[in-house]
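Next comes query.cif, with mmCIF, N, CA and C atoms.
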data_structure
#
loop_
_atom_site.group_PDB
_atom_site.id
_atom_site.type_symbol
_atom_site.label_atom_id
_atom_site.label_comp_id
_atom_site.auth_asym_id
_atom_site.auth_seq_id
_atom_site.Cartn_x
_atom_site.Cartn_y
_atom_site.Cartn_z
ATOM 1 N N MET A 3 -38.829 50.917 -20.458
ATOM 2 C CA MET A 3 -38.551 50.971 -19.048
ATOM 3 C C MET A 3 -38.466 49.556 -18.447
ATOM 4 N N ALA A 4 -39.384 48.674 -18.830
ATOM 5 C CA ALA A 4 -39.383 47.299 -18.327
ATOM 6 C C ALA A 4 -38.140 46.565 -18.802
ATOM 7 N N GLY A 5 -37.718 46.837 -20.061
ATOM 8 C CA GLY A 5 -36.513 46.203 -20.590
ATOM 9 C C GLY A 5 -35.271 46.633 -19.837
ATOM 10 N N GLN A 6 -35.254 47.913 -19.460
ATOM 11 C CA GLN A 6 -34.103 48.435 -18.728
ATOM 12 C C GLN A 6 -34.040 47.819 -17.326
ATOM 13 N N ARG A 7 -35.199 47.648 -16.698
ATOM 14 C CA ARG A 7 -35.245 47.012 -15.371
ATOM 15 C C ARG A 7 -34.802 45.559 -15.465
ATOM 16 N N ALA A 8 -35.190 44.898 -16.538
ATOM 17 C CA ALA A 8 -34.792 43.504 -16.725
ATOM 18 C C ALA A 8 -33.276 43.400 -16.861
ATOM 19 N N ARG A 9 -32.677 44.313 -17.629
ATOM 20 C CA ARG A 9 -31.218 44.314 -17.803
ATOM 21 C C ARG A 9 -30.514 44.612 -16.479
ATOM 22 N N ILE A 10 -31.048 45.557 -15.739
ATOM 23 C CA ILE A 10 -30.465 45.876 -14.426
ATOM 24 C C ILE A 10 -30.544 44.654 -13.516
ATOM 25 N N GLY A 11 -31.653 43.952 -13.571
ATOM 26 C CA GLY A 11 -31.829 42.729 -12.771
ATOM 27 C C GLY A 11 -30.846 41.648 -13.181
ATOM 28 N N GLN A 12 -30.622 41.505 -14.496
ATOM 29 C CA GLN A 12 -29.664 40.511 -14.987
ATOM 30 C C GLN A 12 -28.239 40.858 -14.550
ATOM 31 N N VAL A 13 -27.888 42.123 -14.661
ATOM 32 C CA VAL A 13 -26.545 42.564 -14.247
ATOM 33 C C VAL A 13 -26.366 42.336 -12.745
ATOM 34 N N ALA A 14 -27.378 42.703 -11.965
ATOM 35 C CA ALA A 14 -27.308 42.508 -10.512
ATOM 36 C C ALA A 14 -27.186 41.026 -10.183
ATOM 37 N N SER A 15 -27.915 40.179 -10.895
ATOM 38 C CA SER A 15 -27.835 38.731 -10.673
ATOM 39 C C SER A 15 -26.448 38.213 -11.019
ATOM 40 N N ALA A 16 -25.895 38.684 -12.130
ATOM 41 C CA ALA A 16 -24.558 38.254 -12.538
ATOM 42 C C ALA A 16 -23.519 38.680 -11.501
ATOM 43 N N ILE A 17 -23.633 39.896 -10.998
ATOM 44 C CA ILE A 17 -22.702 40.378 -9.974
ATOM 45 C C ILE A 17 -22.832 39.537 -8.706
ATOM 46 N N ALA A 18 -24.057 39.204 -8.341
ATOM 47 C CA ALA A 18 -24.288 38.382 -7.149
ATOM 48 C C ALA A 18 -23.664 36.996 -7.312
ATOM 49 N N VAL A 19 -23.782 36.421 -8.509
ATOM 50 C CA VAL A 19 -23.181 35.102 -8.762
ATOM 51 C C VAL A 19 -21.662 35.187 -8.647
ATOM 52 N N VAL A 20 -21.067 36.216 -9.244
ATOM 53 C CA VAL A 20 -19.613 36.378 -9.185
ATOM 54 C C VAL A 20 -19.158 36.569 -7.736
ATOM 55 N N LEU A 21 -19.852 37.401 -6.987
ATOM 56 C CA LEU A 21 -19.498 37.610 -5.584
ATOM 57 C C LEU A 21 -19.636 36.327 -4.773
ATOM 58 N N SER A 22 -20.653 35.539 -5.064
ATOM 59 C CA SER A 22 -20.837 34.251 -4.381
ATOM 60 C C SER A 22 -19.673 33.309 -4.675
ATOM 61 N N LEU A 23 -19.249 33.277 -5.931
ATOM 62 C CA LEU A 23 -18.113 32.418 -6.296
ATOM 63 C C LEU A 23 -16.824 32.877 -5.626
ATOM 64 N N VAL A 24 -16.621 34.177 -5.543
ATOM 65 C CA VAL A 24 -15.440 34.709 -4.847
ATOM 66 C C VAL A 24 -15.485 34.308 -3.375
ATOM 67 N N PHE A 25 -16.640 34.430 -2.756
ATOM 68 C CA PHE A 25 -16.806 34.053 -1.352
ATOM 69 C C PHE A 25 -16.508 32.565 -1.149
ATOM 70 N N VAL A 26 -17.040 31.725 -2.026
ATOM 71 C CA VAL A 26 -16.798 30.278 -1.930
ATOM 72 C C VAL A 26 -15.303 29.997 -2.082
ATOM 73 N N GLY A 27 -14.652 30.703 -2.997
ATOM 74 C CA GLY A 27 -13.208 30.535 -3.173
ATOM 75 C C GLY A 27 -12.434 30.864 -1.911
ATOM 76 N N PHE A 28 -12.801 31.956 -1.247
ATOM 77 C CA PHE A 28 -12.145 32.313 0.014
ATOM 78 C C PHE A 28 -12.397 31.259 1.087
ATOM 79 N N GLU A 29 -13.610 30.748 1.148
ATOM 80 C CA GLU A 29 -13.948 29.716 2.133
ATOM 81 C C GLU A 29 -13.123 28.444 1.892
ATOM 82 N N ILE A 30 -13.003 28.043 0.652
ATOM 83 C CA ILE A 30 -12.221 26.844 0.331
ATOM 84 C C ILE A 30 -10.769 27.056 0.711
ATOM 85 N N ARG A 31 -10.228 28.227 0.412
ATOM 86 C CA ARG A 31 -8.841 28.529 0.757
ATOM 87 C C ARG A 31 -8.643 28.485 2.270
ATOM 88 N N GLN A 32 -9.565 29.049 3.017
ATOM 89 C CA GLN A 32 -9.468 29.065 4.475
ATOM 90 C C GLN A 32 -9.565 27.649 5.037
ATOM 91 N N ASN A 33 -10.482 26.848 4.515
ATOM 92 C CA ASN A 33 -10.634 25.470 4.986
ATOM 93 C C ASN A 33 -9.404 24.644 4.664
ATOM 94 N N THR A 34 -8.808 24.863 3.500
ATOM 95 C CA THR A 34 -7.599 24.141 3.125
ATOM 96 C C THR A 34 -6.455 24.491 4.067
ATOM 97 N N ALA A 35 -6.309 25.760 4.383
ATOM 98 C CA ALA A 35 -5.262 26.187 5.322
ATOM 99 C C ALA A 35 -5.471 25.555 6.694
ATOM 100 N N ALA A 36 -6.717 25.501 7.142
ATOM 101 C CA ALA A 36 -7.018 24.899 8.446
ATOM 102 C C ALA A 36 -6.703 23.406 8.433
ATOM 103 N N LEU A 37 -7.047 22.720 7.352
ATOM 104 C CA LEU A 37 -6.767 21.290 7.235
ATOM 105 C C LEU A 37 -5.269 21.036 7.244
ATOM 106 N N ARG A 38 -4.511 21.840 6.537
ATOM 107 C CA ARG A 38 -3.051 21.680 6.528
ATOM 108 C C ARG A 38 -2.476 21.906 7.919
ATOM 109 N N ALA A 39 -2.983 22.897 8.628
ATOM 110 C CA ALA A 39 -2.504 23.161 9.982
ATOM 111 C C ALA A 39 -2.809 21.977 10.905
ATOM 112 N N GLN A 40 -3.998 21.401 10.776
ATOM 113 C CA GLN A 40 -4.363 20.243 11.589
ATOM 114 C C GLN A 40 -3.475 19.045 11.266
ATOM 115 N N THR A 41 -3.185 18.863 9.992
ATOM 116 C CA THR A 41 -2.328 17.748 9.579
ATOM 117 C C THR A 41 -0.922 17.927 10.131
ATOM 118 N N ARG A 42 -0.382 19.135 10.019
ATOM 119 C CA ARG A 42 0.958 19.396 10.578
ATOM 120 C C ARG A 42 0.975 19.136 12.082
ATOM 121 N N GLN A 43 -0.085 19.547 12.775
ATOM 122 C CA GLN A 43 -0.147 19.337 14.217
ATOM 123 C C GLN A 43 -0.212 17.851 14.550
ATOM 124 N N ALA A 44 -0.991 17.098 13.779
ATOM 125 C CA ALA A 44 -1.095 15.651 14.010
ATOM 126 C C ALA A 44 0.260 14.972 13.795
ATOM 127 N N LEU A 45 0.988 15.396 12.777
ATOM 128 C CA LEU A 45 2.312 14.820 12.530
ATOM 129 C C LEU A 45 3.272 15.155 13.673
ATOM 130 N N ALA A 46 3.226 16.386 14.137
ATOM 131 C CA ALA A 46 4.081 16.795 15.261
ATOM 132 C C ALA A 46 3.702 16.023 16.527
ATOM 133 N N ASP A 47 2.416 15.836 16.741
ATOM 134 C CA ASP A 47 1.959 15.080 17.910
ATOM 135 C C ASP A 47 2.457 13.634 17.856
ATOM 136 N N GLY A 48 2.421 13.033 16.671
ATOM 137 C CA GLY A 48 2.902 11.661 16.521
ATOM 138 C C GLY A 48 4.380 11.543 16.866
ATOM 139 N N SER A 49 5.172 12.475 16.386
ATOM 140 C CA SER A 49 6.606 12.456 16.698
ATOM 141 C C SER A 49 6.840 12.668 18.186
ATOM 142 N N ARG A 50 6.134 13.635 18.758
ATOM 143 C CA ARG A 50 6.279 13.906 20.183
ATOM 144 C C ARG A 50 5.896 12.685 21.016
ATOM 145 N N ASP A 51 4.791 12.048 20.657
ATOM 146 C CA ASP A 51 4.337 10.883 21.411
ATOM 147 C C ASP A 51 5.348 9.749 21.357
ATOM 148 N N PHE A 52 5.963 9.553 20.190
ATOM 149 C CA PHE A 52 6.975 8.507 20.060
ATOM 150 C C PHE A 52 8.165 8.799 20.967
ATOM 151 N N ILE A 53 8.626 10.038 20.938
ATOM 152 C CA ILE A 53 9.774 10.425 21.763
ATOM 153 C C ILE A 53 9.443 10.274 23.246
ATOM 154 N N LEU A 54 8.247 10.715 23.630
ATOM 155 C CA LEU A 54 7.851 10.601 25.038
ATOM 156 C C LEU A 54 7.685 9.151 25.474
ATOM 157 N N THR A 55 7.204 8.308 24.572
ATOM 158 C CA THR A 55 7.027 6.890 24.895
ATOM 159 C C THR A 55 8.353 6.275 25.314
ATOM 160 N N ILE A 56 9.382 6.559 24.552
ATOM 161 C CA ILE A 56 10.692 5.992 24.880
ATOM 162 C C ILE A 56 11.331 6.743 26.047
ATOM 163 N N GLY A 57 11.325 8.060 25.963
ATOM 164 C CA GLY A 57 12.013 8.863 26.966
ATOM 165 C C GLY A 57 11.466 8.748 28.373
ATOM 166 N N ALA A 58 10.200 8.424 28.507
ATOM 167 C CA ALA A 58 9.576 8.369 29.829
ATOM 168 C C ALA A 58 9.698 6.993 30.488
ATOM 169 N N ASP A 59 10.267 6.036 29.796
ATOM 170 C CA ASP A 59 10.341 4.668 30.318
ATOM 171 C C ASP A 59 11.802 4.205 30.291
ATOM 172 N N GLN A 60 12.416 4.047 31.468
ATOM 173 C CA GLN A 60 13.825 3.660 31.540
ATOM 174 C C GLN A 60 14.099 2.335 30.842
ATOM 175 N N GLU A 61 13.178 1.421 30.956
ATOM 176 C CA GLU A 61 13.369 0.110 30.321
ATOM 177 C C GLU A 61 13.409 0.251 28.800
ATOM 178 N N LEU A 62 12.518 1.068 28.250
ATOM 179 C CA LEU A 62 12.535 1.281 26.801
ATOM 180 C C LEU A 62 13.804 2.002 26.361
ATOM 181 N N VAL A 63 14.286 2.925 27.169
ATOM 182 C CA VAL A 63 15.547 3.607 26.848
ATOM 183 C C VAL A 63 16.678 2.585 26.789
ATOM 184 N N ARG A 64 16.732 1.710 27.775
ATOM 185 C CA ARG A 64 17.773 0.671 27.809
ATOM 186 C C ARG A 64 17.709 -0.218 26.577
ATOM 187 N N VAL A 65 16.517 -0.682 26.260
ATOM 188 C CA VAL A 65 16.329 -1.577 25.115
ATOM 189 C C VAL A 65 16.670 -0.860 23.807
ATOM 190 N N TYR A 66 16.129 0.321 23.642
ATOM 191 C CA TYR A 66 16.337 1.079 22.408
ATOM 192 C C TYR A 66 17.824 1.388 22.227
ATOM 193 N N TYR A 67 18.464 1.818 23.299
ATOM 194 C CA TYR A 67 19.883 2.146 23.244
ATOM 195 C C TYR A 67 20.706 0.900 22.949
ATOM 196 N N GLY A 68 20.364 -0.192 23.593
ATOM 197 C CA GLY A 68 21.101 -1.439 23.392
ATOM 198 C C GLY A 68 21.024 -1.963 21.970
ATOM 199 N N VAL A 69 19.864 -1.868 21.361
ATOM 200 C CA VAL A 69 19.695 -2.376 19.996
ATOM 201 C C VAL A 69 20.347 -1.454 18.973
ATOM 202 N N PHE A 70 20.170 -0.161 19.136
ATOM 203 C CA PHE A 70 20.631 0.771 18.109
ATOM 204 C C PHE A 70 22.001 1.375 18.406
ATOM 205 N N ARG A 71 22.623 0.954 19.490
ATOM 206 C CA ARG A 71 24.021 1.274 19.795
ATOM 207 C C ARG A 71 24.708 -0.050 20.133
ATOM 208 N N PRO A 72 24.992 -0.885 19.116
ATOM 209 C CA PRO A 72 25.447 -2.261 19.349
ATOM 210 C C PRO A 72 26.666 -2.410 20.256
ATOM 211 N N GLY A 73 27.576 -1.461 20.268
ATOM 212 C CA GLY A 73 28.756 -1.595 21.115
ATOM 213 C C GLY A 73 28.537 -1.107 22.532
ATOM 214 N N SER A 74 27.320 -0.719 22.862
ATOM 215 C CA SER A 74 27.062 -0.123 24.177
ATOM 216 C C SER A 74 27.002 -1.187 25.264
ATOM 217 N N PHE A 75 27.073 -0.718 26.497
ATOM 218 C CA PHE A 75 26.979 -1.601 27.657
ATOM 219 C C PHE A 75 25.658 -2.362 27.681
ATOM 220 N N ALA A 76 24.584 -1.746 27.176
ATOM 221 C CA ALA A 76 23.260 -2.357 27.246
ATOM 222 C C ALA A 76 23.086 -3.480 26.226
ATOM 223 N N ALA A 77 23.884 -3.469 25.162
ATOM 224 C CA ALA A 77 23.699 -4.455 24.087
ATOM 225 C C ALA A 77 23.901 -5.882 24.575
ATOM 226 N N ALA A 78 24.846 -6.082 25.465
ATOM 227 C CA ALA A 78 25.140 -7.431 25.956
ATOM 228 C C ALA A 78 24.015 -7.985 26.828
ATOM 229 N N GLU A 79 23.216 -7.124 27.390
ATOM 230 C CA GLU A 79 22.165 -7.556 28.313
ATOM 231 C C GLU A 79 20.818 -7.813 27.638
ATOM 232 N N LEU A 80 20.727 -7.614 26.335
ATOM 233 C CA LEU A 80 19.436 -7.696 25.650
ATOM 234 C C LEU A 80 18.968 -9.129 25.467
ATOM 235 N N THR A 81 17.675 -9.320 25.668
ATOM 236 C CA THR A 81 17.050 -10.605 25.362
ATOM 237 C C THR A 81 16.428 -10.520 23.971
ATOM 238 N N GLN A 82 15.955 -11.641 23.475
ATOM 239 C CA GLN A 82 15.257 -11.613 22.182
ATOM 240 C C GLN A 82 14.004 -10.744 22.261
ATOM 241 N N ALA A 83 13.328 -10.781 23.377
ATOM 242 C CA ALA A 83 12.125 -9.956 23.549
ATOM 243 C C ALA A 83 12.488 -8.469 23.524
ATOM 244 N N ASP A 84 13.617 -8.122 24.140
ATOM 245 C CA ASP A 84 14.075 -6.737 24.112
ATOM 246 C C ASP A 84 14.328 -6.289 22.675
ATOM 247 N N THR A 85 15.024 -7.118 21.937
ATOM 248 C CA THR A 85 15.354 -6.796 20.541
ATOM 249 C C THR A 85 14.079 -6.632 19.726
ATOM 250 N N MET A 86 13.135 -7.540 19.914
ATOM 251 C CA MET A 86 11.869 -7.458 19.187
ATOM 252 C C MET A 86 11.115 -6.185 19.554
ATOM 253 N N GLN A 87 11.126 -5.829 20.821
ATOM 254 C CA GLN A 87 10.452 -4.618 21.276
ATOM 255 C C GLN A 87 11.069 -3.385 20.624
ATOM 256 N N ALA A 88 12.378 -3.326 20.580
ATOM 257 C CA ALA A 88 13.059 -2.177 19.960
ATOM 258 C C ALA A 88 12.757 -2.105 18.470
ATOM 259 N N HIS A 89 12.723 -3.229 17.817
ATOM 260 C CA HIS A 89 12.429 -3.224 16.378
ATOM 261 C C HIS A 89 10.986 -2.791 16.107
ATOM 262 N N HIS A 90 10.079 -3.172 16.964
ATOM 263 C CA HIS A 90 8.688 -2.715 16.813
ATOM 264 C C HIS A 90 8.583 -1.203 17.043
ATOM 265 N N LEU A 91 9.333 -0.707 18.011
ATOM 266 C CA LEU A 91 9.357 0.742 18.233
ATOM 267 C C LEU A 91 9.894 1.464 17.001
ATOM 268 N N MET A 92 10.959 0.933 16.416
ATOM 269 C CA MET A 92 11.528 1.561 15.226
ATOM 270 C C MET A 92 10.552 1.472 14.058
ATOM 271 N N THR A 93 9.838 0.374 13.934
ATOM 272 C CA THR A 93 8.835 0.244 12.868
ATOM 273 C C THR A 93 7.737 1.290 13.053
ATOM 274 N N ALA A 94 7.303 1.492 14.283
ATOM 275 C CA ALA A 94 6.292 2.521 14.549
ATOM 276 C C ALA A 94 6.824 3.895 14.161
ATOM 277 N N ASN A 95 8.074 4.162 14.489
ATOM 278 C CA ASN A 95 8.678 5.445 14.134
ATOM 279 C C ASN A 95 8.773 5.585 12.616
ATOM 280 N N MET A 96 9.147 4.529 11.933
ATOM 281 C CA MET A 96 9.254 4.585 10.472
ATOM 282 C C MET A 96 7.886 4.807 9.828
ATOM 283 N N ARG A 97 6.840 4.259 10.401
ATOM 284 C CA ARG A 97 5.490 4.516 9.896
ATOM 285 C C ARG A 97 5.147 5.996 10.029
ATOM 286 N N ASN A 98 5.555 6.596 11.123
ATOM 287 C CA ASN A 98 5.326 8.024 11.321
ATOM 288 C C ASN A 98 6.095 8.830 10.276
ATOM 289 N N VAL A 99 7.359 8.472 10.048
ATOM 290 C CA VAL A 99 8.171 9.173 9.046
ATOM 291 C C VAL A 99 7.578 8.968 7.655
ATOM 292 N N GLU A 100 7.112 7.767 7.379
ATOM 293 C CA GLU A 100 6.472 7.479 6.095
ATOM 294 C C GLU A 100 5.243 8.367 5.893
ATOM 295 N N ASN A 101 4.459 8.530 6.927
ATOM 296 C CA ASN A 101 3.274 9.385 6.853
ATOM 297 C C ASN A 101 3.665 10.837 6.593
ATOM 298 N N VAL A 102 4.706 11.297 7.266
ATOM 299 C CA VAL A 102 5.192 12.658 7.036
ATOM 300 C C VAL A 102 5.584 12.829 5.574
ATOM 301 N N TYR A 103 6.311 11.856 5.046
ATOM 302 C CA TYR A 103 6.753 11.929 3.649
ATOM 303 C C TYR A 103 5.561 11.942 2.685
ATOM 304 N N LEU A 104 4.591 11.075 2.922
ATOM 305 C CA LEU A 104 3.420 11.025 2.050
ATOM 306 C C LEU A 104 2.624 12.331 2.112
ATOM 307 N N GLN A 105 2.505 12.900 3.295
ATOM 308 C CA GLN A 105 1.824 14.191 3.414
ATOM 309 C C GLN A 105 2.589 15.269 2.652
ATOM 310 N N TYR A 106 3.892 15.219 2.732
ATOM 311 C CA TYR A 106 4.744 16.173 1.985
ATOM 312 C C TYR A 106 4.514 16.014 0.476
ATOM 313 N N ARG A 107 4.479 14.771 0.020
ATOM 314 C CA ARG A 107 4.268 14.524 -1.416
ATOM 315 C C ARG A 107 2.903 15.007 -1.880
ATOM 316 N N GLU A 108 1.918 14.993 -0.984
ATOM 317 C CA GLU A 108 0.577 15.447 -1.311
ATOM 318 C C GLU A 108 0.451 16.974 -1.229
ATOM 319 N N GLY A 109 1.525 17.633 -0.818
ATOM 320 C CA GLY A 109 1.505 19.080 -0.745
ATOM 321 C C GLY A 109 1.000 19.632 0.575
ATOM 322 N N ILE A 110 0.870 18.753 1.551
ATOM 323 C CA ILE A 110 0.380 19.189 2.862
ATOM 324 C C ILE A 110 1.562 19.369 3.768
#

As structure tokens, how would this structure be written, given the file I've shared?
Amino acid sequence: MAGQRARIGQVASAIAVVLSLVFVGFEIRQNTAALRAQTRQALADGSRDFILTIGADQELVRVYYGVFRPGSFAAAELTQADTMQAHHLMTANMRNVENVYLQYREGI
């Protein structure tokens, strides 16, 4: 009788361990999904912020348009500081795109 109780206890313990591992697996999967969602949101926020930075400022629109549309009316009016500002904006945008690409390569 004691041997049978011991076996029942071992089986119950084994089942409890398996159920615990299944639970941990579900938790890890849920946390991974949440992390991916947060990462996607952060990437979207970065793109939105860049667009709003330029779109909300007429001077930045003029500079950006003048540099990246060389034949435009604004191109002739650009100073060296304007050109440098536009190139820094583009570098910031490229860093954002680079981050998106790296996240994609990581499977996120």

Using only N, CA and C atoms, I'd like a table of the residues in segment 12-77 of chain A that come within 7 Å of segment 87-105 of chain A; for each, show the closest atom pair and its distance in Å rounded to one decimal, ordered by chain and ascending number, as a tab-separated table.
residue	atom	partner	partner_atom	distance
A:Leu45	CA	A:Val102	CA	6.6
A:Gly48	C	A:Asn98	CA	6.6
A:Ser49	N	A:Asn98	CA	6.7
A:Phe52	CA	A:Asn95	CA	6.9
A:Val65	C	A:Ala88	CA	5.4
A:Tyr66	CA	A:Ala88	CA	5.2
A:Val69	CA	A:Ala88	CA	6.6

Next on the checklist: If I take atom N of Ala83 of chain A and atom N of Asp51 of chain A, how far is one from the other in Å, to one decimal?
Outcome noted: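 Distance between the two atoms: 24.5 Å.
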
Checklist entry - To one decimal place, how far is atom CA of Gly57 of chain A from atom CA of Thr85 of chain A in Å? => result 17.3 Å

Checklist entry - Interatomic distance between atom N of Glu61 of chain A and atom C of Glu79 of chain A? => result 12.4 Å

Item to check | DSSP alpha helix (DSSP H) residues within chain A, listed as number ranges by chain | outcome: A: 4-57, 60-70, 82-107
